[in-house]
$ cat final.cif   # mmCIF, C-alpha atoms
data_query
#
loop_
_atom_site.label_atom_id
_atom_site.label_comp_id
_atom_site.auth_asym_id
_atom_site.auth_seq_id
_atom_site.Cartn_x
_atom_site.Cartn_y
_atom_site.Cartn_z
CA MET A 1010 24.79 18.82 12.72
CA VAL A 1011 24.95 19.83 9.08
CA VAL A 1012 26.04 23.34 8.19
CA LEU A 1013 25.41 24.46 4.66
CA SER A 1014 26.80 27.81 3.66
CA LEU A 1015 26.70 29.23 0.16
CA ASP A 1016 29.03 31.94 -0.98
CA LEU A 1017 26.48 34.29 -2.52
CA THR A 1018 28.58 37.45 -2.51
CA ARG A 1019 30.19 36.57 -5.78
CA PHE A 1020 26.78 36.52 -7.47
CA ALA A 1021 26.80 40.28 -7.41
CA ASP A 1022 28.29 40.23 -10.84
CA SER A 1023 25.70 41.67 -13.28
CA GLN A 1024 25.97 38.81 -15.77
CA LEU A 1025 25.35 36.32 -13.05
CA MET A 1026 22.39 38.34 -11.78
CA LYS A 1027 20.76 38.05 -15.21
CA LYS A 1028 21.22 34.28 -15.16
CA LYS A 1029 19.85 34.15 -11.63
CA LYS A 1030 16.73 36.11 -12.66
CA PHE A 1031 16.22 33.76 -15.59
CA LEU A 1032 16.50 30.78 -13.25
CA VAL A 1033 13.97 32.26 -10.82
CA ILE A 1034 11.48 32.84 -13.68
CA LEU A 1035 12.03 29.29 -14.91
CA VAL A 1036 11.39 27.82 -11.46
CA LEU A 1037 8.28 30.01 -11.10
CA ILE A 1038 6.86 28.80 -14.45
CA GLN A 1039 7.62 25.22 -13.49
CA THR A 1040 5.90 25.65 -10.11
CA ILE A 1041 2.77 27.23 -11.61
CA SER A 1042 2.50 24.61 -14.32
CA CYS A 1043 2.91 21.81 -11.77
CA LYS A 1044 0.33 23.30 -9.42
CA ASN A 1045 -2.22 23.43 -12.21
CA GLU A 1046 -1.72 19.79 -12.98
CA PRO A 1047 -5.24 18.31 -13.44
CA LEU A 1048 -6.70 15.97 -10.86
CA THR A 1049 -6.71 12.55 -12.49
CA ILE A 1050 -8.93 10.10 -10.67
CA SER A 1051 -8.79 6.47 -11.64
CA LEU A 1052 -12.14 4.68 -11.64
CA ALA A 1053 -10.67 1.43 -12.85
CA LEU A 1054 -11.92 -1.43 -10.72
CA PRO A 1055 -10.63 -4.98 -10.80
CA HIS A 1056 -13.16 -6.93 -12.78
CA GLN A 1057 -13.55 -10.46 -11.51
CA PRO A 1058 -15.87 -12.70 -13.52
CA ILE A 1059 -18.75 -13.53 -11.15
CA ASP A 1060 -22.05 -15.30 -11.63
CA LYS A 1061 -24.51 -12.47 -12.10
CA ILE A 1062 -27.64 -12.42 -9.96
CA ASP A 1063 -30.53 -13.11 -12.30
CA ARG A 1064 -32.52 -10.07 -11.30
CA ARG A 1065 -33.64 -6.80 -12.84
CA ILE A 1066 -33.01 -3.75 -10.69
CA PHE A 1067 -33.97 -0.09 -10.81
CA LEU A 1068 -31.10 2.19 -9.83
CA ASP A 1069 -32.75 5.26 -8.35
CA LEU A 1070 -30.20 8.07 -8.78
CA SER A 1071 -31.45 11.52 -7.85
CA THR A 1072 -30.36 14.61 -9.81
CA LYS A 1073 -28.59 15.86 -6.67
CA PHE A 1074 -26.67 12.58 -6.41
CA LYS A 1075 -25.57 12.75 -10.05
CA ASN A 1076 -24.49 16.39 -9.99
CA GLN A 1077 -22.99 16.74 -6.53
CA LEU A 1078 -19.82 18.84 -6.26
CA TYR A 1079 -17.30 18.92 -3.45
CA ASN A 1080 -15.63 22.26 -2.86
CA HIS A 1081 -12.67 22.72 -0.61
CA PRO A 1082 -10.95 26.07 -0.08
CA TYR A 1083 -7.51 24.82 -1.09
CA ASN A 1084 -4.95 27.13 -2.56
CA PRO A 1085 -5.69 26.79 -5.46
CA PRO A 1086 -9.32 25.87 -4.56
CA LEU A 1087 -10.29 22.27 -5.15
CA THR A 1088 -13.55 21.19 -6.79
CA ILE A 1089 -14.28 17.51 -7.20
CA PRO A 1090 -17.22 16.37 -9.34
CA ILE A 1091 -18.18 13.75 -6.79
CA GLY A 1092 -21.58 13.22 -8.46
CA LEU A 1093 -19.93 12.06 -11.64
CA LEU A 1094 -17.58 9.73 -9.77
CA GLN A 1095 -20.22 8.08 -7.61
CA THR A 1096 -22.62 7.63 -10.54
CA GLU A 1097 -19.89 5.89 -12.54
CA ILE A 1098 -18.88 3.68 -9.61
CA ILE A 1099 -22.40 2.58 -8.70
CA LEU A 1100 -23.22 1.84 -12.34
CA LYS A 1101 -20.08 -0.29 -12.67
CA VAL A 1102 -20.84 -2.25 -9.50
CA THR A 1103 -24.54 -2.87 -10.19
CA LYS A 1104 -23.94 -3.83 -13.83
CA LYS A 1105 -21.32 -6.31 -12.62
CA ILE A 1106 -23.75 -7.92 -10.16
CA PHE A 1107 -27.19 -7.83 -11.81
CA SER A 1108 -28.37 -9.17 -15.12
CA LYS A 1109 -30.24 -5.94 -15.95
CA VAL A 1110 -29.98 -2.43 -14.48
CA TYR A 1111 -32.65 0.21 -15.25
CA LEU A 1112 -32.03 3.91 -14.82
CA GLU A 1113 -35.71 4.68 -15.45
CA LYS A 1114 -38.37 2.86 -13.44
CA PRO A 1115 -39.91 0.28 -15.82
CA SER A 1116 -43.32 0.39 -14.11
CA ASN A 1117 -44.94 1.70 -10.94
CA GLN A 1118 -45.23 -1.82 -9.61
CA PHE A 1119 -41.51 -2.48 -10.02
CA LYS A 1120 -40.11 -2.91 -6.53
CA THR A 1121 -36.50 -4.09 -6.76
CA THR A 1122 -34.87 -0.74 -6.23
CA LEU A 1123 -31.49 0.50 -5.07
CA THR A 1124 -31.22 4.10 -3.83
CA PRO A 1125 -27.79 5.41 -2.82
CA LYS A 1126 -27.27 8.57 -0.80
CA LEU A 1127 -24.01 10.33 -0.05
CA ILE A 1128 -23.91 11.25 3.64
CA LYS A 1129 -20.37 12.57 3.97
CA PHE A 1130 -17.41 13.36 1.74
CA GLU A 1131 -14.39 14.93 3.35
CA ILE A 1132 -10.80 15.52 2.30
CA SER A 1133 -8.31 16.70 4.92
CA ARG A 1134 -4.82 18.06 4.37
CA PRO A 1135 -1.93 17.65 6.84
CA GLU A 1136 -2.05 21.43 7.41
CA GLU A 1137 -5.62 21.13 8.67
CA THR A 1138 -5.25 18.07 10.88
CA GLY A 1139 -1.68 18.41 12.12
CA LEU A 1140 -1.09 14.82 11.05
CA ASN A 1141 1.46 13.66 8.54
CA TYR A 1142 -0.96 12.44 5.88
CA TYR A 1143 -3.81 13.31 3.58
CA GLU A 1144 -7.12 11.73 4.55
CA CYS A 1145 -10.34 10.91 2.78
CA ARG A 1146 -13.62 10.01 4.52
CA ILE A 1147 -16.77 8.97 2.72
CA GLN A 1148 -20.04 7.73 4.11
CA TYR A 1149 -22.98 6.31 2.17
CA MET A 1150 -26.44 5.05 2.91
CA VAL A 1151 -27.97 2.62 0.44
CA LEU A 1152 -31.65 1.80 0.52
CA MET A 1153 -32.18 -1.68 -0.87
CA GLN A 1154 -35.72 -2.60 -1.64
CA ASN A 1155 -37.03 -5.97 -2.68
CA LEU A 1156 -40.41 -7.43 -3.42
CA ASP A 1157 -41.16 -8.13 0.20
CA ASP A 1158 -38.76 -6.10 2.36
CA ILE A 1159 -36.49 -3.05 2.68
CA LYS A 1160 -32.99 -2.71 4.10
CA ASN A 1161 -31.06 0.44 4.86
CA SER A 1162 -27.35 -0.27 4.64
CA SER A 1163 -24.79 2.29 5.71
CA PHE A 1164 -21.03 2.15 5.28
CA SER A 1165 -18.01 4.37 5.79
CA VAL A 1166 -14.71 4.44 3.97
CA TYR A 1167 -11.39 5.86 5.09
CA THR A 1168 -8.09 6.22 3.29
CA ARG A 1169 -4.91 8.01 4.17
CA ILE A 1170 -1.74 8.67 2.20
CA ALA A 1171 1.52 9.96 3.65
CA LYS A 1172 2.45 13.53 2.84
CA PRO A 1173 4.78 13.52 -0.16
CA SER A 1174 7.68 15.85 -0.73
CA GLY A 1175 6.30 16.92 -4.13
CA TYR A 1176 3.12 18.67 -5.15
CA GLN A 1177 -0.18 17.81 -3.49
CA ARG A 1178 -2.17 17.43 -6.73
CA SER A 1179 -0.84 13.95 -7.52
CA VAL A 1180 -1.36 12.76 -3.95
CA LEU A 1181 -4.96 13.95 -4.06
CA SER A 1182 -5.53 11.99 -7.26
CA LYS A 1183 -4.13 8.88 -5.59
CA LEU A 1184 -6.13 9.46 -2.41
CA ILE A 1185 -9.50 9.88 -4.14
CA SER A 1186 -8.83 6.94 -6.49
CA SER A 1187 -8.07 4.73 -3.47
CA CYS A 1188 -11.16 5.98 -1.63
CA THR A 1189 -13.47 5.28 -4.58
CA ARG A 1190 -12.04 1.76 -4.88
CA LYS A 1191 -12.97 1.12 -1.26
CA VAL A 1192 -16.45 2.56 -1.83
CA ALA A 1193 -16.89 0.12 -4.72
CA SER A 1194 -15.67 -2.75 -2.53
CA LYS A 1195 -18.06 -2.01 0.33
CA LEU A 1196 -20.94 -1.32 -2.01
CA GLU A 1197 -20.45 -4.64 -3.78
CA ILE A 1198 -20.27 -6.55 -0.50
CA SER A 1199 -23.43 -4.80 0.81
CA ILE A 1200 -25.39 -5.59 -2.36
CA LEU A 1201 -24.16 -9.19 -2.48
CA SER A 1202 -25.02 -9.71 1.19
CA TYR A 1203 -28.58 -8.52 0.62
CA TYR A 1204 -29.60 -9.64 -2.87
CA GLY A 1205 -27.20 -12.56 -3.15
CA ARG A 1206 -29.04 -14.55 -0.49
CA LYS A 1207 -32.58 -13.77 -1.68
CA MET B 956 57.82 -31.74 6.44
CA ALA B 957 55.16 -33.30 4.18
CA GLU B 958 53.74 -35.11 7.20
CA ASN B 959 53.38 -31.77 9.05
CA LYS B 960 51.50 -30.26 6.11
CA LEU B 961 49.13 -33.24 6.06
CA TYR B 962 48.40 -32.76 9.78
CA VAL B 963 47.65 -29.07 9.22
CA ILE B 964 45.30 -29.80 6.29
CA LEU B 965 43.53 -32.56 8.21
CA SER B 966 43.10 -30.31 11.27
CA VAL B 967 41.61 -27.53 9.12
CA VAL B 968 39.20 -29.99 7.41
CA ILE B 969 38.08 -31.43 10.79
CA PHE B 970 37.67 -27.92 12.21
CA ILE B 971 35.53 -26.72 9.27
CA THR B 972 33.31 -29.81 9.18
CA GLY B 973 32.95 -29.71 12.97
CA CYS B 974 31.71 -26.14 12.92
CA ALA B 975 29.28 -26.68 10.07
CA GLY B 976 26.41 -27.56 12.44
CA ASN B 977 23.48 -29.61 11.22
CA PRO B 978 24.28 -30.15 7.55
CA ASN B 979 20.79 -31.36 6.66
CA TYR B 980 19.12 -28.31 8.11
CA GLU B 981 21.53 -25.90 6.42
CA LYS B 982 20.91 -27.68 3.15
CA ALA B 983 17.15 -27.40 3.63
CA ILE B 984 17.40 -23.67 4.13
CA ALA B 985 19.67 -23.17 1.15
CA ASN B 986 17.79 -25.55 -1.12
CA PRO B 987 14.29 -26.14 0.19
CA LYS B 988 12.70 -29.50 -0.50
CA ILE B 989 11.42 -29.55 -4.05
CA ASP B 990 7.78 -30.51 -4.28
CA SER B 991 5.90 -30.90 -7.51
CA ASN B 992 3.72 -28.00 -6.30
CA PRO B 993 5.66 -24.96 -5.13
CA ILE B 994 4.54 -23.07 -2.04
CA ARG B 995 2.62 -19.99 -3.18
CA ILE B 996 2.87 -16.98 -0.89
CA VAL B 997 1.77 -13.35 -0.92
CA LEU B 998 3.82 -10.69 0.87
CA LEU B 999 1.42 -8.03 2.06
CA LYS B 1000 2.29 -4.64 3.42
CA LYS B 1001 0.49 -3.97 6.66
CA THR B 1002 -0.76 -0.42 6.51
CA ALA B 1003 -2.83 -0.68 9.67
CA MET B 1004 -1.81 0.90 12.98
CA GLY B 1005 0.55 3.77 13.43
CA ILE B 1006 3.51 1.95 14.99
CA PHE B 1007 4.87 0.63 11.72
CA ASN B 1008 4.82 3.62 9.49
CA ASN B 1009 7.66 3.16 7.03
CA ASP B 1010 6.52 4.01 3.54
CA SER B 1011 9.49 2.21 2.10
CA ASN B 1012 8.92 -1.12 0.40
CA PHE B 1013 12.51 -2.18 0.96
CA VAL B 1014 11.83 -5.29 3.03
CA ILE B 1015 8.97 -6.48 0.79
CA ASN B 1016 11.06 -6.05 -2.36
CA CYS B 1017 14.10 -7.65 -0.75
CA LEU B 1018 12.11 -10.66 0.56
CA SER B 1019 10.36 -11.11 -2.79
CA LYS B 1020 13.73 -11.34 -4.52
CA LYS B 1021 15.06 -13.79 -1.97
CA PHE B 1022 12.01 -16.08 -2.05
CA ASN B 1023 11.75 -15.99 -5.82
CA SER B 1024 15.40 -16.90 -6.20
CA GLY B 1025 14.71 -20.24 -4.49
CA ASN B 1026 13.01 -22.89 -6.60
CA ASN B 1027 10.24 -24.00 -4.28
CA ILE B 1028 8.46 -20.78 -3.40
CA VAL B 1029 6.49 -18.52 -5.68
CA VAL B 1030 5.73 -14.97 -4.55
CA ILE B 1031 2.50 -13.58 -5.93
CA ASP B 1032 2.44 -9.84 -6.51
CA GLU B 1033 0.50 -8.01 -3.80
CA MET B 1034 -1.51 -5.76 -6.13
CA MET B 1035 -2.38 -8.67 -8.39
CA PHE B 1036 -3.56 -10.64 -5.35
CA ARG B 1037 -5.64 -7.73 -4.01
CA ASN B 1038 -7.23 -7.27 -7.44
CA ASP B 1039 -8.00 -10.99 -7.66
CA MET B 1040 -9.66 -10.88 -4.24
CA PHE B 1041 -11.65 -7.70 -4.91
CA PRO B 1042 -14.02 -6.71 -3.25
CA PHE B 1043 -13.17 -8.94 -0.28
CA PHE B 1044 -9.68 -7.90 0.76
CA GLU B 1045 -9.70 -4.12 1.08
CA ALA B 1046 -8.47 -2.31 4.21
CA ASP B 1047 -11.62 -1.56 6.11
CA GLU B 1048 -12.45 0.82 8.92
CA ALA B 1049 -13.98 4.22 9.25
CA THR B 1050 -11.12 5.82 11.15
CA LYS B 1051 -8.01 3.76 10.39
CA ASN B 1052 -6.68 1.68 7.52
CA ILE B 1053 -7.38 -1.64 9.22
CA GLU B 1054 -6.41 -4.66 7.18
CA PRO B 1055 -8.70 -7.73 7.13
CA SER B 1056 -8.43 -10.00 10.17
CA ILE B 1057 -7.84 -13.76 10.15
CA THR B 1058 -11.63 -14.32 10.34
CA ILE B 1059 -11.82 -13.47 6.64
CA LEU B 1060 -10.51 -17.01 6.04
CA ASN B 1061 -13.93 -18.23 7.22
CA ASP B 1062 -15.80 -16.21 4.59
CA GLU B 1063 -17.00 -18.64 1.93
CA ARG B 1064 -16.92 -16.06 -0.85
CA PHE B 1065 -13.34 -15.11 -0.01
CA ILE B 1066 -12.22 -18.74 0.31
CA LYS B 1067 -13.66 -19.45 -3.14
CA ARG B 1068 -11.53 -16.65 -4.58
CA ILE B 1069 -8.35 -17.55 -2.73
CA LYS B 1070 -8.65 -21.18 -3.83
CA GLN B 1071 -8.86 -19.99 -7.42
CA ALA B 1072 -5.68 -17.97 -6.86
CA ASP B 1073 -4.07 -21.07 -5.32
CA VAL B 1074 -2.42 -19.23 -2.43
CA ASP B 1075 -0.96 -21.24 0.48
CA TYR B 1076 0.27 -18.52 2.85
CA LEU B 1077 -0.39 -14.84 3.41
CA ILE B 1078 2.53 -13.02 5.02
CA TRP B 1079 1.87 -9.61 6.51
CA LEU B 1080 4.91 -7.38 6.80
CA SER B 1081 5.45 -4.14 8.60
CA GLU B 1082 8.65 -2.20 9.10
CA LYS B 1083 9.82 0.81 11.01
CA THR B 1084 13.15 2.58 11.10
CA ASP B 1085 14.05 4.93 13.94
CA TYR B 1086 16.93 7.34 13.55
CA SER B 1087 19.09 8.79 16.30
CA ASP B 1088 20.46 12.35 16.20
CA LYS B 1089 23.13 13.13 13.65
CA VAL B 1090 26.68 13.53 14.92
CA GLY B 1091 29.56 15.34 13.26
CA ALA B 1092 29.62 18.39 11.04
CA MET B 1093 29.95 19.18 7.39
CA SER B 1094 30.47 22.41 5.57
CA CYS B 1095 29.94 23.07 1.88
CA SER B 1096 30.92 26.17 -0.01
CA LEU B 1097 30.36 27.29 -3.57
CA GLY B 1098 32.11 30.07 -5.39
CA LEU B 1099 32.92 31.21 -8.91
CA TYR B 1100 36.21 29.36 -8.85
CA GLY B 1101 34.78 26.11 -7.57
CA GLY B 1102 33.49 24.61 -4.39
CA GLY B 1103 33.38 21.55 -2.23
CA CYS B 1104 32.38 19.95 1.03
CA PHE B 1105 34.46 18.96 4.05
CA GLY B 1106 33.53 17.04 7.14
CA TYR B 1107 31.95 13.89 8.47
CA THR B 1108 28.46 13.10 9.75
CA ALA B 1109 26.98 9.86 10.99
CA GLN B 1110 23.54 8.72 12.07
CA GLU B 1111 22.65 5.48 13.80
CA ASP B 1112 19.39 3.76 13.04
CA GLU B 1113 17.35 0.81 14.18
CA THR B 1114 15.04 -1.14 11.89
CA ARG B 1115 12.26 -3.31 13.26
CA VAL B 1116 10.42 -5.66 10.95
CA GLU B 1117 7.48 -7.86 11.84
CA ALA B 1118 5.99 -10.72 9.90
CA GLU B 1119 2.76 -12.57 10.54
CA VAL B 1120 2.25 -15.80 8.63
CA TRP B 1121 -1.31 -16.95 7.88
CA SER B 1122 -1.97 -20.45 6.66
CA VAL B 1123 -4.87 -20.45 4.20
CA SER B 1124 -5.63 -24.18 4.43
CA LYS B 1125 -5.47 -24.32 8.25
CA LYS B 1126 -7.17 -20.92 8.65
CA LEU B 1127 -4.86 -19.76 11.44
CA VAL B 1128 -1.94 -17.51 12.25
CA PHE B 1129 1.12 -19.76 12.09
CA ASN B 1130 3.76 -17.51 13.41
CA ARG B 1131 4.71 -13.97 14.34
CA ASP B 1132 8.34 -13.05 13.78
CA SER B 1133 10.02 -9.87 14.82
CA VAL B 1134 13.53 -8.80 13.89
CA THR B 1135 15.41 -5.73 15.11
CA THR B 1136 18.72 -4.66 13.61
CA LYS B 1137 20.97 -1.68 14.03
CA GLY B 1138 22.99 0.20 11.46
CA LYS B 1139 24.82 3.43 10.83
CA SER B 1140 24.71 5.72 7.83
CA GLN B 1141 27.71 7.93 7.26
CA LEU B 1142 28.59 10.86 5.06
CA LEU B 1143 32.24 11.53 4.51
CA ALA B 1144 33.24 14.58 2.49
CA PHE B 1145 36.60 15.63 1.20
CA VAL B 1146 35.66 17.96 -1.68
CA ILE B 1147 33.16 15.34 -2.90
CA PRO B 1148 30.65 13.93 -0.39
CA ILE B 1149 30.69 10.11 -0.17
CA PRO B 1150 27.55 8.64 1.39
CA ILE B 1151 27.78 5.22 3.07
CA PRO B 1152 24.20 4.02 3.64
CA SER B 1153 23.11 2.00 6.65
CA ASP B 1154 22.68 -1.74 6.23
CA SER B 1155 20.07 -2.23 8.98
CA GLN B 1156 17.23 -2.84 6.50
CA SER B 1157 19.15 -5.42 4.48
CA LYS B 1158 20.20 -7.21 7.69
CA SER B 1159 16.54 -7.31 8.79
CA CYS B 1160 15.54 -8.71 5.44
CA GLU B 1161 18.18 -11.44 5.64
CA LEU B 1162 17.17 -12.52 9.17
CA LEU B 1163 13.46 -12.42 8.42
CA HIS B 1164 13.92 -14.45 5.25
CA THR B 1165 15.60 -17.25 7.19
CA SER B 1166 12.98 -17.10 9.92
CA ILE B 1167 9.98 -17.22 7.53
CA LEU B 1168 11.62 -19.99 5.52
CA LYS B 1169 11.98 -22.07 8.71
CA THR B 1170 8.29 -21.53 9.49
CA LEU B 1171 7.21 -22.55 6.00
CA LEU B 1172 9.47 -25.64 5.93
CA ILE B 1173 8.53 -26.86 9.39
CA ASN B 1174 4.81 -26.58 8.64
#
$ encode --input "final.cif" --output "structure tokens"
Amino acid sequence: MVVLSLDLTRFADSQLMKKKKFLVILVLIQTISCKNEPLTISLALPHQPIDKIDRRIFLDLSTKFKNQLYNHPYNPPLTIPIGLLQTEIILKVTKKIFSKVYLEKPSNQFKTTLTPKLIKFEISRPEETGLNYYECRIQYMVLMQNLDDIKNSSFSVYTRIAKPSGYQRSVLSKLISSCTRKVASKLEISILSYYGRK
Amino acid sequence: MAENKLYVILSVVIFITGCAGNPNYEKAIANPKIDSNPIRIVLLKKTAMGIFNNDSNFVINCLSKKFNSGNNIVVIDEMMFRNDMFPFFEADEATKNIEPSITILNDERFIKRIKQADVDYLIWLSEKTDYSDKVGAMSCSLGLYGGGCFGYTAQEDETRVEAEVWSVSKKLVFNRDSVTTKGKSQLLAFVIPIPIPSDSQSKSCELLHTSILKTLLIN
């Protein structure tokens, strides 16, 4: 058993009280500034040189997909521009795989199309789940269309990070960065499995 | 008198050499056979399953140092390896962080990558430390004229480390090693607190190093 007792009675001295107040204000400023630390999400993906698939593809990104926001009533509230993240990720992956990626349909007859759809995006805190870690769950559905057939591929991603002793902002950055890396991984494998064998 | 001394020295020499065990084996562990191509391994932290939940990288760091200090084994950095294998070696499951299974060694695309990276063995590591209740008591006080701590506390712990060795060329799990060690961390305070950390993790690392080395040398 550890007993920790501090002799606070001597702090009654007025000079010391002033110093104590100053210290409290300093800690408060530090806390506020740390809590407002911006959410930095890394979208850096390992770039392995691969033989590109010699194919032109139309990436069908809806306005909703590109502008989607995730709001979570954190204290302070958390808003993640998920649309921006997923657009960047899918562009990176498709440009890595295909020789040419169109964002506008080149012609009505053009049939090699890839349409992603976000099904679920969920961030959970330890306070909400009773577990000892932060969790991220993402689910996507990707419609892959070729000249002669269509495939609907669906995948889920899960990441968890142990609860740190410090502020939650940095752990959220790490969690979302890790989750987006896994999305990129699964997306690349799905696309390669479908178009790579055609 | 001189004759007596000679007998004593001879007895000591015979005793030491007699207890040395298999000299060739000991030599092999200390100085593994030097091939023109070193054995290339990756030490991977197993994040899957809840039983091994230590966030510490102590055993991985300790084993990396030990393997790298020998001249026949090269340890490839885990993050570098995972980046090289991307997108084929990410933890994958909707509800848990499940690491890839041995069947990934049958995936042609993955094998192509791993051959480029020239990796011989993948070693999965997981560790867990359980702590018992603290015993003893300590009291600290702080005043205007100074302060200090007095007392003694101790806590026993048990570290369990598991290693699973995958052979890339043979596409199979070679060996599963498990090591359990006990230790005690202590805090002694006489004005200034003096912490004495537990050595259970370093003992685990030492035992596991020898065990993995045996596996790699035998195969």
$ residues_near_point --input "final.cif" --point "(-5.0, -13.1, -8.7)" --cutoff "10 Å" --atoms "all atoms listed in the file" --output "compact mmCIF listing (two decimals) with C-alpha atoms, in the frame of the given file"
# COMPACT_ATOMS: atom_id res chain seq x y z
CA GLN A 1057 -13.55 -10.46 -11.51
CA ILE B 1031 2.50 -13.58 -5.93
CA ASP B 1032 2.44 -9.84 -6.51
CA GLU B 1033 0.50 -8.01 -3.80
CA MET B 1034 -1.51 -5.76 -6.13
CA MET B 1035 -2.38 -8.67 -8.39
CA PHE B 1036 -3.56 -10.64 -5.35
CA ARG B 1037 -5.64 -7.73 -4.01
CA ASN B 1038 -7.23 -7.27 -7.44
CA ASP B 1039 -8.00 -10.99 -7.66
CA MET B 1040 -9.66 -10.88 -4.24
CA PHE B 1041 -11.65 -7.70 -4.91
CA ARG B 1068 -11.53 -16.65 -4.58
CA ILE B 1069 -8.35 -17.55 -2.73
CA GLN B 1071 -8.86 -19.99 -7.42
CA ALA B 1072 -5.68 -17.97 -6.86
CA ASP B 1073 -4.07 -21.07 -5.32
CA VAL B 1074 -2.42 -19.23 -2.43
$ resolve_selection --input "final.cif" --expression "the PyMOL selection byres ((chain B) within 10 of (chain A))" --output "number ranges by chain"
B: 1002, 1008-1010, 1035, 1037-1053, 1068, 1088-1100, 1102, 1104, 1106-1109
$ closest_residue --input "final.cif" --among "B:Asn1027, B:Ser1122, B:Asn1061, B:Gln1110" --to "Lys1137 (chain B)" --atoms "only C-alpha atoms"
B:Gln1110
$ resolve_selection --input "final.cif" --expression "the PyMOL selection byres ((chain B and resi 1151-1166) around 6)" --output "number ranges by chain"
B: 1014, 1114, 1136-1141, 1150, 1167-1169
$ write_last_selection --input "final.cif" --atoms "C-alpha atoms" --output "mmCIF file, keeping the file's coordinate frame"
data_model
loop_
_atom_site.group_PDB
_atom_site.id
_atom_site.type_symbol
_atom_site.label_atom_id
_atom_site.label_comp_id
_atom_site.auth_asym_id
_atom_site.auth_seq_id
_atom_site.Cartn_x
_atom_site.Cartn_y
_atom_site.Cartn_z
ATOM 1 C CA VAL B 1014 11.830 -5.290 3.030
ATOM 2 C CA THR B 1114 15.040 -1.140 11.890
ATOM 3 C CA THR B 1136 18.720 -4.660 13.610
ATOM 4 C CA LYS B 1137 20.970 -1.680 14.030
ATOM 5 C CA GLY B 1138 22.990 0.200 11.460
ATOM 6 C CA LYS B 1139 24.820 3.430 10.830
ATOM 7 C CA SER B 1140 24.710 5.720 7.830
ATOM 8 C CA GLN B 1141 27.710 7.930 7.260
ATOM 9 C CA PRO B 1150 27.550 8.640 1.390
ATOM 10 C CA ILE B 1167 9.980 -17.220 7.530
ATOM 11 C CA LEU B 1168 11.620 -19.990 5.520
ATOM 12 C CA LYS B 1169 11.980 -22.070 8.710
#
$ resolve_selection --input "final.cif" --expression "the PyMOL selection byres ((chain A and resi 1094-1111) around 9)" --output "mmCIF file with C-alpha atoms, in the frame of the given file"
data_model
loop_
_atom_site.group_PDB
_atom_site.id
_atom_site.type_symbol
_atom_site.label_atom_id
_atom_site.label_comp_id
_atom_site.auth_asym_id
_atom_site.auth_seq_id
_atom_site.Cartn_x
_atom_site.Cartn_y
_atom_site.Cartn_z
ATOM 1 C CA ILE A 1050 -8.930 10.100 -10.670
ATOM 2 C CA LEU A 1052 -12.140 4.680 -11.640
ATOM 3 C CA LEU A 1054 -11.920 -1.430 -10.720
ATOM 4 C CA HIS A 1056 -13.160 -6.930 -12.780
ATOM 5 C CA GLN A 1057 -13.550 -10.460 -11.510
ATOM 6 C CA PRO A 1058 -15.870 -12.700 -13.520
ATOM 7 C CA ILE A 1059 -18.750 -13.530 -11.150
ATOM 8 C CA ASP A 1060 -22.050 -15.300 -11.630
ATOM 9 C CA LYS A 1061 -24.510 -12.470 -12.100
ATOM 10 C CA ILE A 1062 -27.640 -12.420 -9.960
ATOM 11 C CA ASP A 1063 -30.530 -13.110 -12.300
ATOM 12 C CA ARG A 1064 -32.520 -10.070 -11.300
ATOM 13 C CA ARG A 1065 -33.640 -6.800 -12.840
ATOM 14 C CA ILE A 1066 -33.010 -3.750 -10.690
ATOM 15 C CA PHE A 1067 -33.970 -0.090 -10.810
ATOM 16 C CA LEU A 1068 -31.100 2.190 -9.830
ATOM 17 C CA ASP A 1069 -32.750 5.260 -8.350
ATOM 18 C CA LEU A 1070 -30.200 8.070 -8.780
ATOM 19 C CA PHE A 1074 -26.670 12.580 -6.410
ATOM 20 C CA LYS A 1075 -25.570 12.750 -10.050
ATOM 21 C CA ASN A 1076 -24.490 16.390 -9.990
ATOM 22 C CA ILE A 1089 -14.280 17.510 -7.200
ATOM 23 C CA PRO A 1090 -17.220 16.370 -9.340
ATOM 24 C CA ILE A 1091 -18.180 13.750 -6.790
ATOM 25 C CA GLY A 1092 -21.580 13.220 -8.460
ATOM 26 C CA LEU A 1093 -19.930 12.060 -11.640
ATOM 27 C CA LEU A 1112 -32.030 3.910 -14.820
ATOM 28 C CA GLU A 1113 -35.710 4.680 -15.450
ATOM 29 C CA LYS A 1114 -38.370 2.860 -13.440
ATOM 30 C CA PRO A 1115 -39.910 0.280 -15.820
ATOM 31 C CA PRO A 1125 -27.790 5.410 -2.820
ATOM 32 C CA LEU A 1127 -24.010 10.330 -0.050
ATOM 33 C CA THR A 1189 -13.470 5.280 -4.580
ATOM 34 C CA ARG A 1190 -12.040 1.760 -4.880
ATOM 35 C CA VAL A 1192 -16.450 2.560 -1.830
ATOM 36 C CA ALA A 1193 -16.890 0.120 -4.720
ATOM 37 C CA SER A 1194 -15.670 -2.750 -2.530
ATOM 38 C CA LEU A 1196 -20.940 -1.320 -2.010
ATOM 39 C CA GLU A 1197 -20.450 -4.640 -3.780
ATOM 40 C CA ILE A 1200 -25.390 -5.590 -2.360
ATOM 41 C CA LEU A 1201 -24.160 -9.190 -2.480
#
$ atom_distance --input "final.cif" --atom1 "CA of Arg1134 (chain A)" --atom2 "CA of Leu1087 (chain A)"
11.8 Å
$ atom_distance --input "final.cif" --atom1 "CA of Cys1017 (chain B)" --atom2 "CA of Leu999 (chain B)"
13.0 Å
$ atom_distance --input "final.cif" --atom1 "CA of Lys1070 (chain B)" --atom2 "CA of Val1128 (chain B)"
17.8 Å
$ closest_residue --input "final.cif" --among "A:Val1151, A:Tyr1203, A:Pro1135, A:Lys1126" --to "Val1180 (chain A)" --atoms "all atoms listed in the file"
A:Pro1135
